[in-house]
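Source file: protein_6.cif; contents: mmCIF, N, CA and C atoms.
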data_my_file
loop_
_atom_site.label_atom_id
_atom_site.label_comp_id
_atom_site.auth_asym_id
_atom_site.auth_seq_id
_atom_site.Cartn_x
_atom_site.Cartn_y
_atom_site.Cartn_z
N MET A 23 98.87 94.58 80.17
CA MET A 23 97.82 93.59 80.15
C MET A 23 96.51 94.24 80.60
N THR A 24 95.48 94.05 79.83
CA THR A 24 94.19 94.63 80.20
C THR A 24 93.48 93.72 81.20
N ASP A 25 92.71 94.33 82.05
CA ASP A 25 91.95 93.56 83.05
C ASP A 25 90.56 93.29 82.49
N HIS A 26 90.35 92.06 82.07
CA HIS A 26 89.07 91.69 81.47
C HIS A 26 87.93 91.74 82.49
N TYR A 27 88.23 91.44 83.73
CA TYR A 27 87.19 91.52 84.76
C TYR A 27 86.73 92.97 84.93
N ALA A 28 87.66 93.89 84.93
CA ALA A 28 87.31 95.31 85.08
C ALA A 28 86.51 95.80 83.87
N ALA A 29 86.85 95.30 82.68
CA ALA A 29 86.13 95.70 81.47
C ALA A 29 84.65 95.35 81.58
N LEU A 30 84.36 94.23 82.25
CA LEU A 30 82.97 93.81 82.43
C LEU A 30 82.38 94.27 83.76
N GLY A 31 83.21 94.89 84.60
CA GLY A 31 82.73 95.37 85.89
C GLY A 31 82.48 94.24 86.87
N LEU A 32 83.31 93.20 86.81
CA LEU A 32 83.13 92.02 87.65
C LEU A 32 84.36 91.74 88.49
N GLY A 33 84.17 90.91 89.51
CA GLY A 33 85.28 90.41 90.29
C GLY A 33 85.74 89.08 89.72
N SER A 34 86.88 88.60 90.18
CA SER A 34 87.44 87.37 89.62
C SER A 34 86.67 86.12 90.03
N ALA A 35 85.75 86.23 90.96
CA ALA A 35 84.96 85.08 91.39
C ALA A 35 83.63 84.98 90.62
N ALA A 36 83.48 85.75 89.58
CA ALA A 36 82.23 85.78 88.82
C ALA A 36 81.95 84.44 88.15
N THR A 37 80.68 84.09 88.11
CA THR A 37 80.27 82.86 87.44
C THR A 37 80.06 83.14 85.95
N LEU A 38 79.86 82.07 85.19
CA LEU A 38 79.62 82.23 83.76
C LEU A 38 78.33 83.02 83.52
N ALA A 39 77.32 82.79 84.34
CA ALA A 39 76.07 83.54 84.22
C ALA A 39 76.30 85.03 84.47
N ASP A 40 77.13 85.35 85.46
CA ASP A 40 77.47 86.75 85.75
C ASP A 40 78.19 87.38 84.56
N ILE A 41 79.10 86.63 83.97
CA ILE A 41 79.88 87.12 82.84
C ILE A 41 78.96 87.40 81.65
N LYS A 42 78.05 86.49 81.36
CA LYS A 42 77.12 86.68 80.24
C LYS A 42 76.22 87.89 80.47
N LYS A 43 75.72 88.02 81.68
CA LYS A 43 74.84 89.15 82.00
C LYS A 43 75.58 90.48 81.87
N ALA A 44 76.79 90.54 82.43
CA ALA A 44 77.58 91.77 82.34
C ALA A 44 77.94 92.09 80.90
N PHE A 45 78.25 91.06 80.11
CA PHE A 45 78.58 91.29 78.71
C PHE A 45 77.39 91.90 77.97
N ARG A 46 76.22 91.35 78.17
CA ARG A 46 75.04 91.88 77.47
C ARG A 46 74.79 93.34 77.85
N GLN A 47 74.93 93.64 79.13
CA GLN A 47 74.70 95.02 79.58
C GLN A 47 75.73 95.98 79.01
N LYS A 48 77.02 95.61 79.11
CA LYS A 48 78.08 96.50 78.63
C LYS A 48 78.06 96.61 77.10
N ALA A 49 77.79 95.51 76.42
CA ALA A 49 77.75 95.55 74.95
C ALA A 49 76.61 96.45 74.49
N SER A 50 75.49 96.37 75.15
CA SER A 50 74.36 97.23 74.82
C SER A 50 74.69 98.70 75.08
N LEU A 51 75.41 98.94 76.17
CA LEU A 51 75.77 100.31 76.55
C LEU A 51 76.78 100.92 75.58
N TYR A 52 77.79 100.14 75.17
CA TYR A 52 78.88 100.69 74.37
C TYR A 52 78.78 100.39 72.87
N HIS A 53 77.71 99.75 72.42
CA HIS A 53 77.62 99.43 71.00
C HIS A 53 77.64 100.73 70.19
N PRO A 54 78.50 100.80 69.18
CA PRO A 54 78.65 102.05 68.41
C PRO A 54 77.36 102.54 67.74
N ASP A 55 76.42 101.64 67.46
CA ASP A 55 75.15 102.07 66.86
C ASP A 55 74.26 102.79 67.87
N ARG A 56 74.50 102.53 69.16
CA ARG A 56 73.68 103.14 70.20
C ARG A 56 74.40 104.27 70.93
N ASN A 57 75.71 104.21 70.97
CA ASN A 57 76.49 105.16 71.74
C ASN A 57 77.37 105.96 70.78
N THR A 58 77.20 107.26 70.77
CA THR A 58 77.95 108.11 69.84
C THR A 58 79.23 108.68 70.44
N ALA A 59 79.58 108.27 71.64
CA ALA A 59 80.81 108.75 72.28
C ALA A 59 82.02 108.30 71.45
N PRO A 60 83.05 109.13 71.39
CA PRO A 60 84.22 108.78 70.57
C PRO A 60 84.94 107.51 71.04
N ASP A 61 84.84 107.19 72.33
CA ASP A 61 85.53 106.00 72.82
C ASP A 61 84.65 104.75 72.84
N ALA A 62 83.42 104.85 72.38
CA ALA A 62 82.48 103.72 72.41
C ALA A 62 82.99 102.51 71.61
N PRO A 63 83.50 102.68 70.39
CA PRO A 63 83.98 101.50 69.67
C PRO A 63 85.12 100.77 70.38
N ALA A 64 86.04 101.52 70.97
CA ALA A 64 87.16 100.89 71.68
C ALA A 64 86.66 100.17 72.92
N ARG A 65 85.74 100.77 73.64
CA ARG A 65 85.20 100.12 74.83
C ARG A 65 84.39 98.88 74.46
N PHE A 66 83.67 98.95 73.34
CA PHE A 66 82.89 97.80 72.87
C PHE A 66 83.83 96.64 72.52
N ARG A 67 84.94 96.95 71.84
CA ARG A 67 85.92 95.90 71.51
C ARG A 67 86.53 95.30 72.77
N ALA A 68 86.80 96.13 73.78
CA ALA A 68 87.36 95.63 75.04
C ALA A 68 86.37 94.70 75.74
N VAL A 69 85.09 95.04 75.70
CA VAL A 69 84.07 94.20 76.30
C VAL A 69 83.96 92.88 75.54
N GLN A 70 84.02 92.93 74.21
CA GLN A 70 83.97 91.71 73.40
C GLN A 70 85.17 90.81 73.70
N GLU A 71 86.34 91.39 73.76
CA GLU A 71 87.55 90.62 74.04
C GLU A 71 87.47 90.00 75.43
N ALA A 72 87.00 90.76 76.40
CA ALA A 72 86.87 90.23 77.76
C ALA A 72 85.91 89.05 77.79
N TYR A 73 84.81 89.17 77.10
CA TYR A 73 83.83 88.08 77.06
C TYR A 73 84.41 86.85 76.37
N ASP A 74 85.13 87.06 75.27
CA ASP A 74 85.74 85.94 74.56
C ASP A 74 86.69 85.15 75.46
N VAL A 75 87.45 85.84 76.26
CA VAL A 75 88.42 85.18 77.14
C VAL A 75 87.72 84.55 78.34
N LEU A 76 86.86 85.29 79.00
CA LEU A 76 86.28 84.82 80.26
C LEU A 76 85.17 83.79 80.08
N SER A 77 84.56 83.73 78.92
CA SER A 77 83.48 82.76 78.71
C SER A 77 84.01 81.39 78.32
N ASP A 78 85.25 81.30 77.89
CA ASP A 78 85.87 80.02 77.55
C ASP A 78 86.67 79.53 78.75
N ALA A 79 86.37 78.34 79.24
CA ALA A 79 86.98 77.83 80.48
C ALA A 79 88.51 77.74 80.38
N ASP A 80 89.02 77.26 79.25
CA ASP A 80 90.48 77.12 79.11
C ASP A 80 91.18 78.48 79.02
N LYS A 81 90.60 79.38 78.23
CA LYS A 81 91.19 80.72 78.11
C LYS A 81 91.13 81.46 79.44
N ARG A 82 90.03 81.27 80.17
CA ARG A 82 89.89 81.95 81.46
C ARG A 82 90.93 81.43 82.45
N GLN A 83 91.14 80.12 82.46
CA GLN A 83 92.13 79.54 83.37
C GLN A 83 93.52 80.08 83.06
N ALA A 84 93.87 80.13 81.76
CA ALA A 84 95.17 80.66 81.36
C ALA A 84 95.29 82.14 81.73
N TYR A 85 94.22 82.90 81.52
CA TYR A 85 94.23 84.33 81.86
C TYR A 85 94.39 84.52 83.37
N ASP A 86 93.64 83.75 84.17
CA ASP A 86 93.74 83.86 85.63
C ASP A 86 95.13 83.48 86.13
N ASP A 87 95.72 82.43 85.54
CA ASP A 87 97.07 82.02 85.93
C ASP A 87 98.07 83.12 85.61
N ASN A 88 97.96 83.69 84.42
CA ASN A 88 98.87 84.77 84.02
C ASN A 88 98.66 86.01 84.89
N ARG A 89 97.43 86.28 85.24
CA ARG A 89 97.11 87.43 86.08
C ARG A 89 97.74 87.28 87.47
N ARG A 90 97.62 86.09 88.05
CA ARG A 90 98.23 85.83 89.36
C ARG A 90 99.75 85.94 89.28
N ARG A 91 100.31 85.41 88.22
CA ARG A 91 101.76 85.45 88.04
C ARG A 91 102.24 86.89 87.92
N ASN A 92 101.52 87.71 87.20
CA ASN A 92 101.91 89.12 87.06
C ASN A 92 101.82 89.86 88.39
N LEU A 93 100.86 89.51 89.21
CA LEU A 93 100.77 90.14 90.53
C LEU A 93 101.96 89.80 91.39
N LEU A 94 102.47 88.58 91.23
CA LEU A 94 103.60 88.16 92.04
C LEU A 94 104.94 88.60 91.47
N ASP A 95 105.00 88.82 90.15
CA ASP A 95 106.26 89.22 89.53
C ASP A 95 106.71 90.60 89.97
N SER A 96 105.78 91.50 90.12
CA SER A 96 106.12 92.87 90.47
C SER A 96 105.21 93.37 91.59
N PRO A 97 105.43 92.91 92.81
CA PRO A 97 104.52 93.30 93.89
C PRO A 97 104.55 94.79 94.21
N ILE A 98 105.68 95.44 94.03
CA ILE A 98 105.76 96.88 94.31
C ILE A 98 104.89 97.65 93.32
N ASP A 99 105.01 97.33 92.03
CA ASP A 99 104.19 98.00 91.02
C ASP A 99 102.71 97.71 91.23
N THR A 100 102.40 96.47 91.57
CA THR A 100 101.01 96.10 91.82
C THR A 100 100.47 96.87 93.02
N ALA A 101 101.23 96.94 94.08
CA ALA A 101 100.81 97.68 95.27
C ALA A 101 100.63 99.17 94.95
N ARG A 102 101.53 99.72 94.16
CA ARG A 102 101.43 101.14 93.77
C ARG A 102 100.16 101.38 92.96
N ASP A 103 99.87 100.50 92.00
CA ASP A 103 98.66 100.64 91.19
C ASP A 103 97.41 100.54 92.04
N ILE A 104 97.38 99.59 92.94
CA ILE A 104 96.23 99.43 93.82
C ILE A 104 96.06 100.68 94.68
N TRP A 105 97.14 101.16 95.24
CA TRP A 105 97.11 102.34 96.10
C TRP A 105 96.60 103.56 95.34
N LEU A 106 97.15 103.80 94.14
CA LEU A 106 96.74 104.96 93.35
C LEU A 106 95.29 104.86 92.90
N ASN A 107 94.87 103.67 92.47
CA ASN A 107 93.49 103.49 92.03
C ASN A 107 92.52 103.65 93.19
N TYR A 108 92.92 103.21 94.36
CA TYR A 108 92.07 103.33 95.53
C TYR A 108 91.85 104.81 95.88
N PHE A 109 92.92 105.56 95.92
CA PHE A 109 92.78 106.97 96.29
C PHE A 109 92.19 107.82 95.19
N SER A 110 92.40 107.48 93.93
CA SER A 110 91.80 108.25 92.86
C SER A 110 90.28 108.10 92.89
N ALA A 111 89.79 106.94 93.32
CA ALA A 111 88.35 106.74 93.43
C ALA A 111 87.77 107.54 94.60
N LEU A 112 88.56 107.72 95.64
CA LEU A 112 88.08 108.46 96.81
C LEU A 112 88.10 109.98 96.59
N LEU A 113 89.08 110.44 95.83
CA LEU A 113 89.23 111.88 95.63
C LEU A 113 88.42 112.30 94.48
#
Encoded form (structure tokens):
Amino acid sequence: MTDHYAALGLGSAATLADIKKAFRQKASLYHPDRNTAPDAPARFRAVQEAYDVLSDADKRQAYDDNRRRNLLDSPIDTARDIWLNYFSALL
């Protein structure tokens, strides 16, 4: 499952205005016409998908519910991912 909040660089408490602002910034940054990096089209699609889900209240609620459920289904894996991501950012 992809983390739509991470794709937009936001936390889960973001408002709709925050989501729109982050989408515009990321879409401008990763748009294939402006960015020639090989991964730009994939990142642009991820940003579009994140915006589609998070900007719709019903889809966002379903996504948040599923996200919470996944955190509780496998707490060891979740803790391992958090731990590794935390230290990879520090090193």
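Shell of segment 23-33 of chain A at 6.5 Å, with all atoms listed in the file counted and residues fewer than 3 places along the chain excluded, is Ala36, Ala44, Phe45, Ala68, Val69, Glu71 and Ala72 of chain A.
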DSSP says alpha helix (DSSP H) for which residues of chain A? Put them as an NGL selection string? :A and (26-30 or 38-52 or 62-77 or 79-95 or 97-112)
Separation of atom C of Phe66 of chain A from atom CA of Lys48 of chain A, in Å and rounded to one decimal: 8.4 Å
By how many Å are atom N of Ala49 of chain A and atom N of Tyr73 of chain A apart? 9.5 Å
A:Asp103, A:Asp61, A:Asp55, A:Asp78 ranked by distance to Thr37 of chain A, top pick (using only C-alpha atoms): A:Asp78
What's the separation between atom C of Ala62 of chain A and atom C of Leu76 of chain A, in Å to one decimal place? 20.7 Å
